[in-house]
Amino acid sequence: LHLAEPMKTEISIAFFPPQTPEGVEKLRGTRQKLAELKPEFFSVTYGAGGSTRERTFAVVKEIAAEGFDAAPHLSCIGSSRESIREILAEYKEAGIRRIVALRGDLPSGTGDAGEFRYANELVEFIRKETGDHFRIEVAAYPEWHPQARSPEDDLANF
């Protein structure tokens, strides 16, 4: 691998959407302190099957309103194309330009993965629906995915 330019190291900071008004205030203070690190963006997690959808959206909008680049996580497991389409429209309307596209883990006791099986299907769907509107981030397990046959297979899938 030969790069014409040195790679730029970027950091991002992920938050869980708070569940209480006290948590919202604590997150605001924490975010202000962490902003001093000048992350490329702040991301906000998304619960399995969309369980934190409204809280994620509220935090993402607040981060963006503060002038920071905000990236909501978007998990496809347990989701339909229509629900993802609605979420993308909400983010687009709010001026969000970055998404962290994830497969997500199947909630315990749930057998239905929904209409998407893998994150690459979600990325393809986002591109088909919104073109280049969103900068799409992806992620991988730091070791290797527990459902992968081997680390090599996991890397090839990534």
# chains A, B, ... in the order shown; residues from 1 in each chain; ligands from 1

$ residues_around --residues "range 55-64 of chain A" --least-positions-apart "4" --cutoff "8 Å" --atoms "only C-alpha atoms" --output "number ranges by chain"
A: 16-19, 42-46, 68-72, 91, 94, 96

$ write_last_selection --atoms "N, CA and C atoms" --output "compact mmCIF listing (two decimals), in the first residue's frame"
# COMPACT_ATOMS: atom_id res chain seq x y z
N PHE A 16 -24.10 7.84 24.54
CA PHE A 16 -25.40 7.17 24.65
C PHE A 16 -26.42 8.26 24.90
N PRO A 17 -27.60 8.18 24.30
CA PRO A 17 -28.62 9.20 24.59
C PRO A 17 -29.11 9.06 26.03
N PRO A 18 -29.08 10.13 26.80
CA PRO A 18 -29.49 10.04 28.21
C PRO A 18 -30.99 9.77 28.35
N GLN A 19 -31.34 9.17 29.49
CA GLN A 19 -32.72 8.79 29.75
C GLN A 19 -33.45 9.76 30.68
N PHE A 42 -19.01 14.11 16.84
CA PHE A 42 -19.62 13.41 17.96
C PHE A 42 -20.68 12.49 17.38
N SER A 43 -20.74 11.26 17.86
CA SER A 43 -21.80 10.37 17.41
C SER A 43 -22.68 10.00 18.59
N VAL A 44 -23.88 9.56 18.26
CA VAL A 44 -24.86 9.19 19.29
C VAL A 44 -25.40 7.82 18.94
N THR A 45 -25.34 6.90 19.92
CA THR A 45 -25.75 5.53 19.68
C THR A 45 -27.25 5.42 19.46
N TYR A 46 -27.63 4.26 18.94
CA TYR A 46 -29.01 3.99 18.54
C TYR A 46 -29.35 2.62 19.07
N PHE A 68 -21.26 21.61 16.26
CA PHE A 68 -20.39 20.45 16.11
C PHE A 68 -20.94 19.54 15.02
N ASP A 69 -20.07 18.77 14.41
CA ASP A 69 -20.50 17.77 13.45
C ASP A 69 -21.09 16.61 14.24
N ALA A 70 -22.34 16.27 13.97
CA ALA A 70 -23.05 15.23 14.71
C ALA A 70 -23.38 14.07 13.78
N ALA A 71 -23.16 12.86 14.26
CA ALA A 71 -23.42 11.67 13.46
C ALA A 71 -24.24 10.67 14.27
N PRO A 72 -25.50 10.51 13.93
CA PRO A 72 -26.28 9.49 14.61
C PRO A 72 -25.86 8.09 14.16
N TYR A 91 -33.33 13.08 9.45
CA TYR A 91 -31.96 13.58 9.57
C TYR A 91 -31.64 14.57 8.46
N ALA A 94 -33.20 17.83 9.11
CA ALA A 94 -32.54 18.53 10.22
C ALA A 94 -31.13 19.03 9.85
N ILE A 96 -28.53 17.11 9.06
CA ILE A 96 -27.47 16.17 9.45
C ILE A 96 -26.82 15.64 8.17

$ select_by_dssp --residues "chain A" --states "strand (DSSP E or B)" --output "list in words"
Ser12, Ile13, Ala14, Phe15, Phe41, Phe42, Ser43, Val44, Ala70, Ala71, Pro72, His73, Leu74, Ser75, Ser79, Arg98, Ile99, Val100, Ala101, Leu102, Gly114, Arg135, Ile136 and Glu137 of chain A

$ atom_distance --atom1 "CA of Phe41 in chain A" --atom2 "CA of Arg98 in chain A"
8.9 Å

$ atom_distance --atom1 "CA of Pro151 in chain A" --atom2 "CA of Ala139 in chain A"
15.1 Å

$ residues_around --residues "Lys38 in chain A" --least-positions-apart "6" --cutoff "12 Å" --atoms "only C-alpha atoms" --output "ChimeraX atom specification"
/A:9-13,31-32,68-69

$ closest_residue --among "A:Gly78, A:Gly131, A:Val123, A:Arg85" --to "Gly104 in chain A" --atoms "only C-alpha atoms"
A:Gly78

$ closest_residue --among "A:Ala14, A:Cys76, A:Leu34, A:Val138" --to "Tyr118 in chain A" --atoms "only C-alpha atoms"
A:Cys76

$ atom_distance --atom1 "CA of Thr30 in chain A" --atom2 "CA of Leu74 in chain A"
22.8 Å

$ closest_residue --among "A:His133, A:Arg103, A:Lys26, A:Arg149" --to "Ala119 in chain A" --atoms "only C-alpha atoms"
A:Arg103
